[in-house]
file final31.cif (mmCIF, C-alpha atoms and all ligand atoms)
data_coords
loop_
_atom_site.label_atom_id
_atom_site.label_comp_id
_atom_site.auth_asym_id
_atom_site.auth_seq_id
_atom_site.Cartn_x
_atom_site.Cartn_y
_atom_site.Cartn_z
CA MET A 55 45.63 54.05 -127.26
CA PHE A 56 45.94 50.65 -128.89
CA PHE A 57 42.85 48.83 -130.10
CA SER A 58 41.78 45.85 -128.06
CA PRO A 59 38.83 43.76 -129.27
CA LEU A 60 37.97 42.81 -125.71
CA ASN A 61 37.74 46.43 -124.61
CA TRP A 62 35.67 47.23 -127.61
CA LEU A 63 33.26 44.44 -126.80
CA LEU A 64 33.04 45.49 -123.16
CA GLY A 65 32.48 49.04 -124.30
CA LEU A 66 29.32 47.90 -126.05
CA PHE A 67 27.75 46.75 -122.83
CA SER A 68 28.87 49.31 -120.31
CA LEU A 69 29.87 52.89 -120.44
CA ASP A 70 32.76 53.29 -118.03
CA ILE A 71 34.00 56.82 -117.75
CA GLY A 72 37.23 58.27 -116.39
CA ILE A 73 37.16 62.00 -115.69
CA ASP A 74 39.94 64.49 -115.08
CA LEU A 75 38.27 67.28 -113.16
CA GLY A 76 41.10 69.76 -113.61
CA THR A 77 41.33 73.36 -112.46
CA ALA A 78 41.89 74.44 -116.07
CA ASN A 79 40.52 71.60 -118.21
CA THR A 80 38.06 68.76 -117.80
CA LEU A 81 38.57 65.60 -119.83
CA VAL A 82 36.24 62.65 -120.18
CA ASN A 83 37.66 59.29 -121.19
CA VAL A 84 35.14 56.63 -122.22
CA ARG A 85 36.30 53.06 -122.13
CA GLY A 86 36.75 51.65 -125.60
CA LYS A 87 36.48 55.09 -127.17
CA GLY A 88 39.17 57.24 -125.62
CA ILE A 89 38.95 60.91 -124.72
CA VAL A 90 35.63 62.17 -126.04
CA ILE A 91 35.48 65.49 -124.16
CA ASN A 92 38.33 67.91 -123.53
CA GLU A 93 37.05 71.32 -122.51
CA PRO A 94 38.04 74.22 -120.27
CA SER A 95 36.60 73.99 -116.73
CA TRP A 96 34.54 77.15 -117.10
CA VAL A 97 30.92 78.04 -116.35
CA ALA A 98 29.13 81.18 -117.54
CA ILE A 99 26.48 82.35 -115.12
CA GLU A 100 23.62 84.76 -115.35
CA LYS A 101 24.17 87.03 -112.37
CA ARG A 102 20.59 87.73 -111.44
CA THR A 103 19.30 84.15 -111.44
CA ARG A 104 22.69 82.45 -110.73
CA ARG A 105 21.74 80.07 -113.54
CA ALA A 106 24.49 78.46 -115.65
CA LEU A 107 24.15 79.67 -119.23
CA ALA A 108 27.11 77.88 -120.79
CA ILE A 109 29.65 75.27 -119.71
CA GLY A 110 33.10 74.40 -121.02
CA ALA A 111 34.59 75.91 -124.18
CA GLU A 112 31.52 78.01 -124.79
CA ALA A 113 31.79 79.55 -121.31
CA LYS A 114 35.53 80.24 -121.61
CA LYS A 115 34.96 82.09 -124.87
CA LEU A 116 32.83 84.54 -122.89
CA SER A 117 35.49 85.25 -120.27
CA GLY A 118 36.60 88.85 -120.22
CA ARG A 119 33.91 89.84 -122.70
CA THR A 120 30.63 89.01 -120.96
CA PRO A 121 27.78 91.49 -120.91
CA ALA A 122 27.12 93.08 -117.53
CA ASN A 123 24.58 90.49 -116.44
CA VAL A 124 26.79 87.46 -117.14
CA ILE A 125 29.99 86.29 -115.48
CA ALA A 126 32.31 83.48 -116.55
CA ILE A 127 33.93 81.61 -113.67
CA ARG A 128 36.24 78.68 -113.06
CA PRO A 129 34.67 76.74 -110.21
CA LEU A 130 37.89 74.89 -109.34
CA ARG A 131 40.29 77.71 -109.99
CA ASP A 132 42.76 77.28 -107.12
CA GLY A 133 42.52 73.54 -106.80
CA VAL A 134 39.80 73.77 -104.23
CA ILE A 135 36.20 73.47 -105.19
CA SER A 136 35.35 77.09 -104.51
CA GLU A 137 32.06 76.90 -106.34
CA PHE A 138 30.44 73.75 -105.20
CA GLU A 139 27.22 73.86 -107.17
CA TYR A 140 28.80 74.91 -110.42
CA THR A 141 31.37 72.14 -110.13
CA GLN A 142 28.51 69.71 -109.76
CA GLU A 143 26.68 71.24 -112.66
CA MET A 144 29.77 71.06 -114.85
CA LEU A 145 30.42 67.44 -113.98
CA ASN A 146 26.80 66.62 -114.63
CA HIS A 147 26.90 68.34 -117.99
CA PHE A 148 30.01 66.51 -119.16
CA ILE A 149 28.85 63.07 -117.99
CA GLU A 150 25.53 63.54 -119.73
CA LYS A 151 27.27 64.74 -122.86
CA ALA A 152 29.51 61.66 -122.92
CA HIS A 153 26.48 59.50 -122.34
CA GLU A 154 24.50 61.11 -125.15
CA GLN A 155 27.29 60.42 -127.59
CA SER A 156 26.68 56.69 -127.48
CA LEU A 157 24.53 55.42 -130.32
CA VAL A 158 22.58 52.83 -128.39
CA PRO A 159 21.03 53.31 -124.93
CA MET A 160 23.65 52.41 -122.36
CA PRO A 161 23.36 51.12 -118.83
CA ARG A 162 24.41 53.62 -116.22
CA PRO A 163 28.16 54.16 -116.19
CA ARG A 164 30.81 53.40 -113.62
CA VAL A 165 32.72 56.63 -113.11
CA VAL A 166 36.23 57.36 -111.82
CA VAL A 167 36.92 61.04 -111.14
CA GLY A 168 40.40 62.48 -110.59
CA ILE A 169 40.34 65.18 -107.91
CA PRO A 170 43.07 67.56 -106.72
CA SER A 171 44.81 65.98 -103.74
CA GLY A 172 44.13 68.95 -101.48
CA VAL A 173 40.35 68.72 -101.50
CA THR A 174 38.48 68.28 -98.25
CA GLU A 175 36.22 65.43 -97.25
CA VAL A 176 33.19 67.61 -97.90
CA GLU A 177 34.42 68.44 -101.39
CA LYS A 178 35.11 64.78 -102.14
CA ARG A 179 31.59 64.01 -101.08
CA ALA A 180 30.31 66.74 -103.41
CA VAL A 181 32.15 65.30 -106.38
CA TYR A 182 30.95 61.82 -105.52
CA ASP A 183 27.36 63.02 -105.21
CA ALA A 184 27.64 64.95 -108.45
CA ALA A 185 28.80 61.86 -110.30
CA MET A 186 25.99 59.80 -108.79
CA SER A 187 23.34 62.40 -109.51
CA ALA A 188 24.59 62.57 -113.09
CA GLY A 189 23.47 58.98 -113.40
CA ALA A 190 26.53 56.97 -112.43
CA ARG A 191 25.93 53.41 -111.28
CA GLU A 192 29.06 53.58 -109.13
CA ALA A 193 31.42 56.49 -108.57
CA PHE A 194 35.00 56.47 -107.35
CA LEU A 195 37.57 59.12 -106.70
CA ILE A 196 41.27 59.05 -107.38
CA GLU A 197 43.92 61.56 -106.41
CA GLU A 198 45.15 63.32 -109.50
CA PRO A 199 48.89 62.69 -109.02
CA MET A 200 48.08 58.97 -108.75
CA ALA A 201 46.01 59.03 -111.94
CA ALA A 202 48.66 61.15 -113.68
CA ALA A 203 51.36 58.66 -112.75
CA ILE A 204 49.31 55.72 -114.05
CA GLY A 205 48.55 57.64 -117.25
CA ALA A 206 52.22 58.47 -117.69
CA GLY A 207 53.03 54.79 -117.38
CA LEU A 208 55.07 55.00 -114.16
CA PRO A 209 55.59 51.67 -112.35
CA ILE A 210 53.72 52.85 -109.25
CA THR A 211 52.59 49.43 -108.07
CA GLU A 212 56.15 48.13 -107.98
CA SER A 213 58.28 48.42 -104.87
CA ARG A 214 60.85 50.62 -106.57
CA GLY A 215 60.02 54.29 -106.19
CA SER A 216 58.81 56.66 -108.88
CA MET A 217 57.98 60.34 -108.92
CA ILE A 218 55.55 62.63 -110.71
CA VAL A 219 55.24 66.41 -110.83
CA ASP A 220 51.84 67.43 -112.22
CA ILE A 221 51.76 71.12 -113.11
CA GLY A 222 48.20 72.15 -113.89
CA GLY A 223 46.43 75.50 -113.97
CA GLY A 224 45.79 76.05 -110.26
CA THR A 225 48.10 73.62 -108.52
CA THR A 226 51.38 71.80 -108.82
CA GLU A 227 51.33 68.38 -107.21
CA VAL A 228 54.48 66.46 -106.43
CA ALA A 229 54.16 62.80 -105.44
CA ILE A 230 56.53 59.92 -104.83
CA PHE A 231 55.15 56.40 -105.14
CA SER A 232 56.10 52.96 -104.01
CA MET A 233 54.03 49.76 -103.95
CA GLY A 234 50.89 51.44 -105.18
CA GLY A 235 50.88 54.07 -102.47
CA ILE A 236 51.84 57.73 -102.24
CA VAL A 237 54.89 57.77 -99.95
CA LEU A 238 55.16 61.52 -99.87
CA SER A 239 53.39 64.42 -101.57
CA ARG A 240 53.42 68.19 -101.83
CA SER A 241 50.74 70.42 -103.27
CA ILE A 242 51.20 74.12 -103.93
CA ARG A 243 48.99 76.74 -105.51
CA ILE A 244 51.67 77.86 -107.92
CA ALA A 245 51.19 76.54 -111.45
CA GLY A 246 50.07 77.74 -114.88
CA ASP A 247 47.66 80.44 -113.65
CA GLU A 248 50.27 81.98 -111.40
CA MET A 249 52.69 82.12 -114.35
CA ASP A 250 50.05 84.05 -116.30
CA GLU A 251 49.67 86.41 -113.35
CA ASP A 252 53.46 86.86 -113.27
CA ILE A 253 53.41 87.95 -116.89
CA ILE A 254 50.56 90.39 -116.27
CA GLY A 255 52.47 91.84 -113.30
CA TYR A 256 55.70 92.10 -115.25
CA MET A 257 54.07 93.97 -118.17
CA ARG A 258 52.39 96.34 -115.77
CA ALA A 259 55.53 97.06 -113.75
CA LYS A 260 57.99 97.33 -116.61
CA TYR A 261 55.89 98.78 -119.45
CA ASN A 262 52.80 100.21 -117.78
CA LEU A 263 50.84 97.90 -120.02
CA LEU A 264 47.67 96.23 -118.82
CA ILE A 265 47.18 92.91 -120.58
CA GLY A 266 44.44 90.29 -120.23
CA GLU A 267 44.75 86.75 -118.93
CA ARG A 268 44.45 85.28 -122.37
CA MET A 269 47.23 87.43 -123.80
CA ALA A 270 49.43 86.40 -120.88
CA GLU A 271 48.74 82.71 -121.38
CA LYS A 272 49.42 83.00 -125.09
CA ALA A 273 52.79 84.65 -124.40
CA LYS A 274 53.69 81.93 -121.88
CA ILE A 275 52.85 79.16 -124.35
CA GLU A 276 54.50 80.81 -127.34
CA ILE A 277 57.71 82.23 -125.92
CA GLY A 278 57.81 81.31 -122.22
CA SER A 279 60.68 79.23 -120.90
CA ALA A 280 62.50 78.08 -117.79
CA PHE A 281 65.92 77.63 -119.35
CA PRO A 282 67.87 79.64 -121.96
CA LEU A 283 66.53 78.87 -125.44
CA PRO A 284 68.70 77.84 -128.38
CA GLU A 285 67.22 80.85 -130.17
CA GLU A 286 65.59 83.63 -128.18
CA THR A 287 62.52 85.20 -129.80
CA THR A 288 60.11 88.10 -129.35
CA LEU A 289 56.36 88.54 -129.26
CA THR A 290 54.08 91.55 -129.54
CA MET A 291 51.97 92.08 -126.43
CA ARG A 292 48.77 94.04 -126.84
CA GLY A 293 46.90 95.76 -124.06
CA ARG A 294 46.02 99.13 -122.64
CA SER A 295 48.55 101.70 -121.57
CA LEU A 296 48.14 102.58 -117.92
CA ILE A 297 49.50 106.04 -118.69
CA THR A 298 47.44 107.13 -121.67
CA GLY A 299 44.56 104.69 -121.20
CA LEU A 300 44.82 103.88 -124.90
CA PRO A 301 45.55 100.63 -126.73
CA GLU A 302 49.25 99.90 -127.00
CA ALA A 303 51.54 97.18 -128.35
CA VAL A 304 54.93 96.31 -126.88
CA ASP A 305 57.47 93.81 -128.21
CA ILE A 306 58.97 91.67 -125.50
CA SER A 307 61.71 89.07 -125.70
CA SER A 308 61.73 85.49 -124.50
CA ILE A 309 64.55 86.52 -122.14
CA GLU A 310 62.29 89.05 -120.44
CA LEU A 311 59.51 86.52 -120.26
CA ARG A 312 61.80 84.00 -118.60
CA GLU A 313 62.61 86.66 -116.03
CA ALA A 314 58.90 87.25 -115.49
CA LEU A 315 58.30 83.53 -114.89
CA SER A 316 61.38 82.98 -112.77
CA THR A 317 59.76 83.34 -109.35
CA SER A 318 57.05 80.78 -109.99
CA VAL A 319 59.45 78.41 -111.70
CA GLN A 320 61.82 78.66 -108.74
CA ILE A 321 59.03 77.88 -106.28
CA ILE A 322 58.13 74.76 -108.27
CA VAL A 323 61.79 73.70 -108.39
CA ASP A 324 62.17 74.30 -104.65
CA THR A 325 59.06 72.24 -103.91
CA ILE A 326 60.54 69.33 -105.84
CA LYS A 327 63.84 69.72 -103.96
CA ASP A 328 61.99 69.87 -100.70
CA ALA A 329 60.13 66.63 -101.44
CA LEU A 330 63.39 64.92 -102.37
CA GLU A 331 64.97 66.06 -99.12
CA ASP A 332 62.26 64.25 -97.20
CA THR A 333 62.45 61.07 -99.26
CA PRO A 334 64.01 57.99 -97.64
CA PRO A 335 67.48 57.22 -99.09
CA GLU A 336 66.46 53.87 -100.60
CA LEU A 337 63.77 55.56 -102.62
CA ILE A 338 66.17 58.32 -103.67
CA ALA A 339 68.42 55.62 -105.06
CA ASP A 340 65.47 54.28 -107.09
CA LEU A 341 64.53 57.72 -108.31
CA MET A 342 68.05 58.32 -109.51
CA GLU A 343 67.46 55.44 -111.88
CA THR A 344 63.87 56.07 -112.92
CA GLY A 345 64.06 59.86 -112.88
CA ILE A 346 61.27 62.40 -112.43
CA CYS A 347 58.28 62.58 -114.75
CA LEU A 348 56.60 65.94 -115.45
CA ALA A 349 52.88 65.96 -116.39
CA GLY A 350 50.05 68.50 -116.78
CA GLY A 351 49.96 71.45 -119.17
CA GLY A 352 52.66 73.31 -117.23
CA ALA A 353 55.12 70.51 -118.00
CA MET A 354 55.18 71.84 -121.54
CA LEU A 355 56.82 75.10 -120.50
CA ARG A 356 59.96 75.13 -122.63
CA GLY A 357 63.13 74.12 -120.85
CA LEU A 358 61.37 73.22 -117.60
CA ALA A 359 62.52 69.60 -117.60
CA GLN A 360 66.07 70.74 -118.30
CA ARG A 361 65.90 73.34 -115.55
CA VAL A 362 64.65 70.86 -112.95
CA SER A 363 67.22 68.34 -114.08
CA GLU A 364 70.08 70.82 -113.61
CA GLU A 365 68.87 71.79 -110.16
CA VAL A 366 68.22 68.35 -108.70
CA ASN A 367 70.87 66.52 -110.64
CA MET A 368 68.53 63.79 -111.85
CA ARG A 369 66.99 62.69 -115.11
CA VAL A 370 63.75 64.58 -115.74
CA TRP A 371 61.38 64.02 -118.62
CA VAL A 372 57.97 65.18 -119.83
CA ALA A 373 55.26 62.52 -120.02
CA GLU A 374 53.86 61.73 -123.41
CA ASP A 375 50.84 63.96 -124.03
CA PRO A 376 51.07 65.57 -120.57
CA LEU A 377 47.61 67.20 -120.74
CA THR A 378 45.81 63.85 -120.90
CA CYS A 379 47.73 61.82 -118.29
CA VAL A 380 45.07 62.05 -115.57
CA ALA A 381 42.22 61.13 -117.94
CA ARG A 382 44.18 58.25 -119.39
CA GLY A 383 45.16 57.07 -115.91
CA ALA A 384 41.54 57.13 -114.72
CA GLY A 385 40.60 55.16 -117.84
CA ARG A 386 43.33 52.64 -117.18
CA ILE A 387 41.82 51.91 -113.75
CA LEU A 388 38.48 51.09 -115.36
CA GLU A 389 40.15 48.75 -117.83
CA ASP A 390 41.90 46.84 -115.09
CA TYR A 391 39.40 47.50 -112.35
CA ASP A 392 39.91 44.31 -110.34
CA ASN A 393 43.63 44.88 -109.97
CA LEU A 394 43.73 48.64 -109.69
CA ARG A 395 40.65 49.47 -107.59
CA LYS A 396 42.85 49.48 -104.49
CA LEU A 397 44.35 52.73 -105.74
CA LEU A 398 41.03 54.56 -105.46
CA VAL A 399 40.25 56.96 -102.62
CA GLY A 400 37.56 56.01 -100.14
CA LEU A 401 35.07 58.41 -98.67
CA GLU A 402 35.13 58.61 -94.92
CA ARG A 403 31.57 57.75 -94.13
CA GLY A 404 28.14 57.30 -95.55
CA SER A 405 29.45 56.13 -98.87
CA THR A 406 27.56 53.47 -100.69
CA HIS A 407 30.65 51.81 -102.03
CA HIS A 408 33.38 49.78 -100.39
CA PHE A 409 36.75 48.49 -101.47
P1 LIG B 1 44.49 71.28 -114.78
O1 LIG B 1 44.85 69.85 -114.57
O2 LIG B 1 44.65 72.12 -113.55
O3 LIG B 1 43.16 71.44 -115.43
P2 LIG B 1 46.15 71.25 -117.14
O4 LIG B 1 47.02 70.09 -116.89
O5 LIG B 1 45.04 71.10 -118.11
O6 LIG B 1 45.59 71.86 -115.78
O7 LIG B 1 47.12 72.44 -117.60
C1 LIG B 1 46.64 73.72 -117.84
C2 LIG B 1 47.77 74.71 -117.71
O8 LIG B 1 48.84 74.37 -118.61
C3 LIG B 1 47.33 76.12 -118.07
O9 LIG B 1 47.84 77.02 -117.11
C4 LIG B 1 47.99 76.35 -119.43
O10 LIG B 1 48.28 77.72 -119.64
C5 LIG B 1 49.25 75.54 -119.28
N1 LIG B 1 49.85 75.18 -120.57
C6 LIG B 1 49.28 74.56 -121.62
N2 LIG B 1 50.16 74.44 -122.64
C7 LIG B 1 51.32 75.00 -122.22
C8 LIG B 1 52.62 75.19 -122.81
N3 LIG B 1 52.88 74.79 -124.06
N4 LIG B 1 53.57 75.81 -122.07
C9 LIG B 1 53.31 76.23 -120.82
N5 LIG B 1 52.13 76.08 -120.21
C10 LIG B 1 51.15 75.48 -120.89
MG MG B 2 45.42 68.24 -113.80
#

call {"tool": "encode", "arguments": {"input": "final31.cif", "output": "structure tokens"}}
result
Amino acid sequence: MFFSPLNWLLGLFSLDIGIDLGTANTLVNVRGKGIVINEPSWVAIEKRTRRALAIGAEAKKLSGRTPANVIAIRPLRDGVISEFEYTQEMLNHFIEKAHEQSLVPMPRPRVVVGIPSGVTEVEKRAVYDAAMSAGAREAFLIEEPMAAAIGAGLPITESRGSMIVDIGGGTTEVAIFSMGGIVLSRSIRIAGDEMDEDIIGYMRAKYNLLIGERMAEKAKIEIGSAFPLPEETTLTMRGRSLITGLPEAVDISSIELREALSTSVQIIVDTIKDALEDTPPELIADLMETGICLAGGGAMLRGLAQRVSEEVNMRVWVAEDPLTCVARGAGRILEDYDNLRKLLVGLERGSTHHF
């Protein structure tokens, strides 16, 4: 982000915070400072007392290797807030942490939180309350595809259409914008996590090898793809043989991995096609000029942009720094609050704020 003396000065007097409450990662963007927290959305819980023992990176480290009395969970796993209280606790923890990092005592912050577009009114309320109870002066919500599009620099407030596909851990969100509004959107629960599951299933079915989630994710990131690679590679997968029950290593090729990922990739491609089919022709004409922007961690799957481009016959590109688009977009709203506040989501009733 470029340095602006005005923002810096404002940053001294208020602590405005944009948060990407993602299913896989939570990012906190403090105005004038940039992204100060970027941690996995994980909470480790003591089973007996249901008390949170660790939050964020520390909690993720425990996953798959916790002692019997501790479990590590992802409270937003599928894009819905399945674990209400732990989501609140996590949000609280991160806001406080961002607050503590300031050198001088700060007034209470204004907070903008990006939320998955499928969340219910009750869940929105929970996020709002969590932000307020964490000491926010004012809290606002924004739909993640909207924040992602702003962060990616799409011209969403203009009348010409633009389109984002945000592929996160739990959900893929497709949205088409015009004049600052979402004209059409699709949300599916097929994204990065499902790809990891595909790899686990493939190794089990083809090699009788049981691998962990982390091994699967590593394989996806290192050799996964959605389009033939200029040079195909291999990777050693380690796990437990389902036949002998003993540790085993198997070399698999990037071609096999592409096959493993093909179902999920196809569903994402079909969802994009489906959204385009329902888009008014004028907007389609715009999109043919502006193209489709991919954001979220899943956008980094090798060859995905190329694959989508071939299938929909349009220009497709990956946003700059796709993992931080939502956090940067939420931050952008705080910087230009008077002009952009209309993009925020209202709560249906009982909210203490108005637009
Ligand atoms: P969320 O917004 O749901 O928190 P993110 O946008 O942070 O999700 O993306 C996380 C997902 O992106 C994870 O499933 C992760 O495995 C995946 N991911 C990260 N880097 C890559 C990569 N290089 N290739 C493919 N997937 C990736
Ligand atoms: Mg996200």

call {"tool": "residues_around", "arguments": {"input": "final31.cif", "residues": "Glu93 (chain A)", "least_positions_apart": "5", "cutoff": "8 Å", "atoms": "only C-alpha atoms", "output": "PDB file with C-alpha atoms, in the frame of the given file"}}
result
ATOM      1  CA  ASN A  79      40.520  71.600-118.210  1.00  0.00           C
ATOM      2  CA  THR A  80      38.060  68.760-117.800  1.00  0.00           C
ATOM      3  CA  LEU A  81      38.570  65.600-119.830  1.00  0.00           C
ATOM      4  CA  GLY A 110      33.100  74.400-121.020  1.00  0.00           C
ATOM      5  CA  ALA A 111      34.590  75.910-124.180  1.00  0.00           C
TER       6      ALA A 111
END

call {"tool": "residues_near_ligand", "arguments": {"input": "final31.cif", "ligand": "ligand LIG 1 (chain B)", "cutoff": "7 Å", "atoms": "only C-alpha atoms and all ligand atoms", "output": "list in words"}}
result
Leu75, Gly76, Thr77, Ala78, Asn79, Thr80, Ile221, Gly222, Gly223, Gly224, Thr225, Ala245, Gly246, Asp247, Glu271, Lys274, Ile275, Gly278, Gly350, Gly351, Gly352, Ala353, Met354, Leu355, Arg356 and Leu377 of chain A

call {"tool": "residues_near_point", "arguments": {"input": "final31.cif", "point": "(39.1, 54.0, -111.9)", "cutoff": "12 Å", "atoms": "only C-alpha atoms", "output": "PyMOL selection string"}}
result
chain A and resi 70-74+83-85+163-169+192-198+200-201+204-205+380-399

call {"tool": "residues_near_point", "arguments": {"input": "final31.cif", "point": "(29.8, 66.6, -103.3)", "cutoff": "12 Å", "atoms": "all atoms listed in the file", "output": "MDAnalysis selection string"}}
result
chainID A and resid 135:143 145:146 167 169 173:188 193 195 401 405

call {"tool": "residues_around", "arguments": {"input": "final31.cif", "residues": "Ser318 (chain A)", "least_positions_apart": "6", "cutoff": "8 Å", "atoms": "all atoms listed in the file", "output": "PyMOL selection string"}}
result
chain A and resi 244-245+248-249+252

call {"tool": "write_last_selection", "arguments": {"input": "final31.cif", "atoms": "C-alpha atoms", "output": "CSV table (one decimal), in the frame of the given file"}}
result
chain,number,residue,atom,x,y,z
A,244,ILE,CA,51.7,77.9,-107.9
A,245,ALA,CA,51.2,76.5,-111.4
A,248,GLU,CA,50.3,82.0,-111.4
A,249,MET,CA,52.7,82.1,-114.4
A,252,ASP,CA,53.5,86.9,-113.3

call {"tool": "closest_residue", "arguments": {"input": "final31.cif", "among": "A:Thr378, A:Ser363, A:Ser117, A:Ser213", "to": "ligand MG 2 (chain B)", "atoms": "all atoms listed in the file"}}
result
A:Thr378

call {"tool": "residues_around", "arguments": {"input": "final31.cif", "residues": "Ser239 (chain A)", "least_positions_apart": "3", "cutoff": "7 Å", "atoms": "only C-alpha atoms", "output": "list in words"}}
result
Val228, Ala229, Ile230 and Ile236 of chain A

call {"tool": "write_last_selection", "arguments": {"input": "final31.cif", "atoms": "C-alpha atoms", "output": "JSON list (two decimals), in the frame of the given file"}}
result
[["chain", "number", "residue", "atom", "x", "y", "z"],
["A", 228, "VAL", "CA", 54.48, 66.46, -106.43],
["A", 229, "ALA", "CA", 54.16, 62.80, -105.44],
["A", 230, "ILE", "CA", 56.53, 59.92, -104.83],
["A", 236, "ILE", "CA", 51.84, 57.73, -102.24]]

call {"tool": "closest_residue", "arguments": {"input": "final31.cif", "among": "A:Thr226, A:Ser307, A:Ser316, A:Thr325", "to": "ligand MG 2 (chain B)", "atoms": "all atoms listed in the file"}}
result
A:Thr226

call {"tool": "atom_distance", "arguments": {"input": "final31.cif", "atom1": "CA of Val366 (chain A)", "atom2": "CA of Pro284 (chain A)"}}
result
21.9 Å

call {"tool": "closest_residue", "arguments": {"input": "final31.cif", "among": "A:Ile253, A:Leu337, A:Leu358, A:Val219", "to": "ligand MG 2 (chain B)", "atoms": "all atoms listed in the file"}}
result
A:Val219

call {"tool": "residues_around", "arguments": {"input": "final31.cif", "residues": "Gly215 (chain A)", "least_positions_apart": "3", "cutoff": "12 Å", "atoms": "all atoms listed in the file", "output": "PDB file with C-alpha atoms, in the coordinates of the input"}}
result
ATOM      1  CA  ALA A 203      51.360  58.660-112.750  1.00  0.00           C
ATOM      2  CA  LEU A 208      55.070  55.000-114.160  1.00  0.00           C
ATOM      3  CA  PRO A 209      55.590  51.670-112.350  1.00  0.00           C
ATOM      4  CA  ILE A 210      53.720  52.850-109.250  1.00  0.00           C
ATOM      5  CA  THR A 211      52.590  49.430-108.070  1.00  0.00           C
ATOM      6  CA  GLU A 212      56.150  48.130-107.980  1.00  0.00           C
ATOM      7  CA  ILE A 218      55.550  62.630-110.710  1.00  0.00           C
ATOM      8  CA  ALA A 229      54.160  62.800-105.440  1.00  0.00           C
ATOM      9  CA  ILE A 230      56.530  59.920-104.830  1.00  0.00           C
ATOM     10  CA  PHE A 231      55.150  56.400-105.140  1.00  0.00           C
ATOM     11  CA  SER A 232      56.100  52.960-104.010  1.00  0.00           C
ATOM     12  CA  MET A 233      54.030  49.760-103.950  1.00  0.00           C
ATOM     13  CA  GLY A 234      50.890  51.440-105.180  1.00  0.00           C
ATOM     14  CA  GLY A 235      50.880  54.070-102.470  1.00  0.00           C
ATOM     15  CA  ILE A 236      51.840  57.730-102.240  1.00  0.00           C
ATOM     16  CA  VAL A 237      54.890  57.770 -99.950  1.00  0.00           C
ATOM     17  CA  LEU A 238      55.160  61.520 -99.870  1.00  0.00           C
ATOM     18  CA  LEU A 330      63.390  64.920-102.370  1.00  0.00           C
ATOM     19  CA  THR A 333      62.450  61.070 -99.260  1.00  0.00           C
ATOM     20  CA  PRO A 334      64.010  57.990 -97.640  1.00  0.00           C
ATOM     21  CA  PRO A 335      67.480  57.220 -99.090  1.00  0.00           C
ATOM     22  CA  GLU A 336      66.460  53.870-100.600  1.00  0.00           C
ATOM     23  CA  LEU A 337      63.770  55.560-102.620  1.00  0.00           C
ATOM     24  CA  ILE A 338      66.170  58.320-103.670  1.00  0.00           C
ATOM     25  CA  ALA A 339      68.420  55.620-105.060  1.00  0.00           C
ATOM     26  CA  ASP A 340      65.470  54.280-107.090  1.00  0.00           C
ATOM     27  CA  LEU A 341      64.530  57.720-108.310  1.00  0.00           C
ATOM     28  CA  MET A 342      68.050  58.320-109.510  1.00  0.00           C
ATOM     29  CA  GLU A 343      67.460  55.440-111.880  1.00  0.00           C
ATOM     30  CA  THR A 344      63.870  56.070-112.920  1.00  0.00           C
ATOM     31  CA  GLY A 345      64.060  59.860-112.880  1.00  0.00           C
ATOM     32  CA  ILE A 346      61.270  62.400-112.430  1.00  0.00           C
TER      33      ILE A 346
END

call {"tool": "closest_residue", "arguments": {"input": "final31.cif", "among": "A:Val124, A:Leu130, A:Ala152, A:Ile326", "to": "ligand MG 2 (chain B)", "atoms": "all atoms listed in the file"}}
result
A:Leu130

call {"tool": "residues_around", "arguments": {"input": "final31.cif", "residues": "Gly118 (chain A)", "least_positions_apart": "6", "cutoff": "12 Å", "atoms": "all atoms listed in the file", "output": "ChimeraX atom specification"}}
result
/A:98,124-127,265-269

call {"tool": "write_last_selection", "arguments": {"input": "final31.cif", "atoms": "C-alpha atoms", "output": "JSON list (two decimals), in the coordinates of the input"}}
result
[["chain", "number", "residue", "atom", "x", "y", "z"],
["A", 98, "ALA", "CA", 29.13, 81.18, -117.54],
["A", 124, "VAL", "CA", 26.79, 87.46, -117.14],
["A", 125, "ILE", "CA", 29.99, 86.29, -115.48],
["A", 126, "ALA", "CA", 32.31, 83.48, -116.55],
["A", 127, "ILE", "CA", 33.93, 81.61, -113.67],
["A", 265, "ILE", "CA", 47.18, 92.91, -120.58],
["A", 266, "GLY", "CA", 44.44, 90.29, -120.23],
["A", 267, "GLU", "CA", 44.75, 86.75, -118.93],
["A", 268, "ARG", "CA", 44.45, 85.28, -122.37],
["A", 269, "MET", "CA", 47.23, 87.43, -123.80]]

call {"tool": "atom_distance", "arguments": {"input": "final31.cif", "atom1": "CA of His153 (chain A)", "atom2": "CA of Ser171 (chain A)"}}
result
26.9 Å

call {"tool": "decode", "arguments": {"input": "final31.cif", "residues": "region 122-126 of chain A", "atoms": "N, CA and C atoms", "output": "mmCIF file, in the first residue's frame"}}
result
data_model
loop_
_atom_site.group_PDB
_atom_site.id
_atom_site.type_symbol
_atom_site.label_atom_id
_atom_site.label_comp_id
_atom_site.auth_asym_id
_atom_site.auth_seq_id
_atom_site.Cartn_x
_atom_site.Cartn_y
_atom_site.Cartn_z
ATOM 1 N N ALA A 122 -5.622 -36.024 24.101
ATOM 2 C CA ALA A 122 -7.015 -36.468 24.118
ATOM 3 C C ALA A 122 -8.001 -35.428 24.660
ATOM 4 N N ASN A 123 -7.539 -34.578 25.549
ATOM 5 C CA ASN A 123 -8.479 -33.632 26.167
ATOM 6 C C ASN A 123 -8.596 -32.294 25.431
ATOM 7 N N VAL A 124 -7.907 -32.196 24.279
ATOM 8 C CA VAL A 124 -7.944 -30.934 23.527
ATOM 9 C C VAL A 124 -8.384 -31.200 22.088
ATOM 10 N N ILE A 125 -9.238 -30.343 21.541
ATOM 11 C CA ILE A 125 -9.527 -30.444 20.116
ATOM 12 C C ILE A 125 -9.261 -29.101 19.440
ATOM 13 N N ALA A 126 -8.816 -29.172 18.180
ATOM 14 C CA ALA A 126 -8.608 -27.940 17.425
ATOM 15 C C ALA A 126 -9.708 -27.870 16.373
#
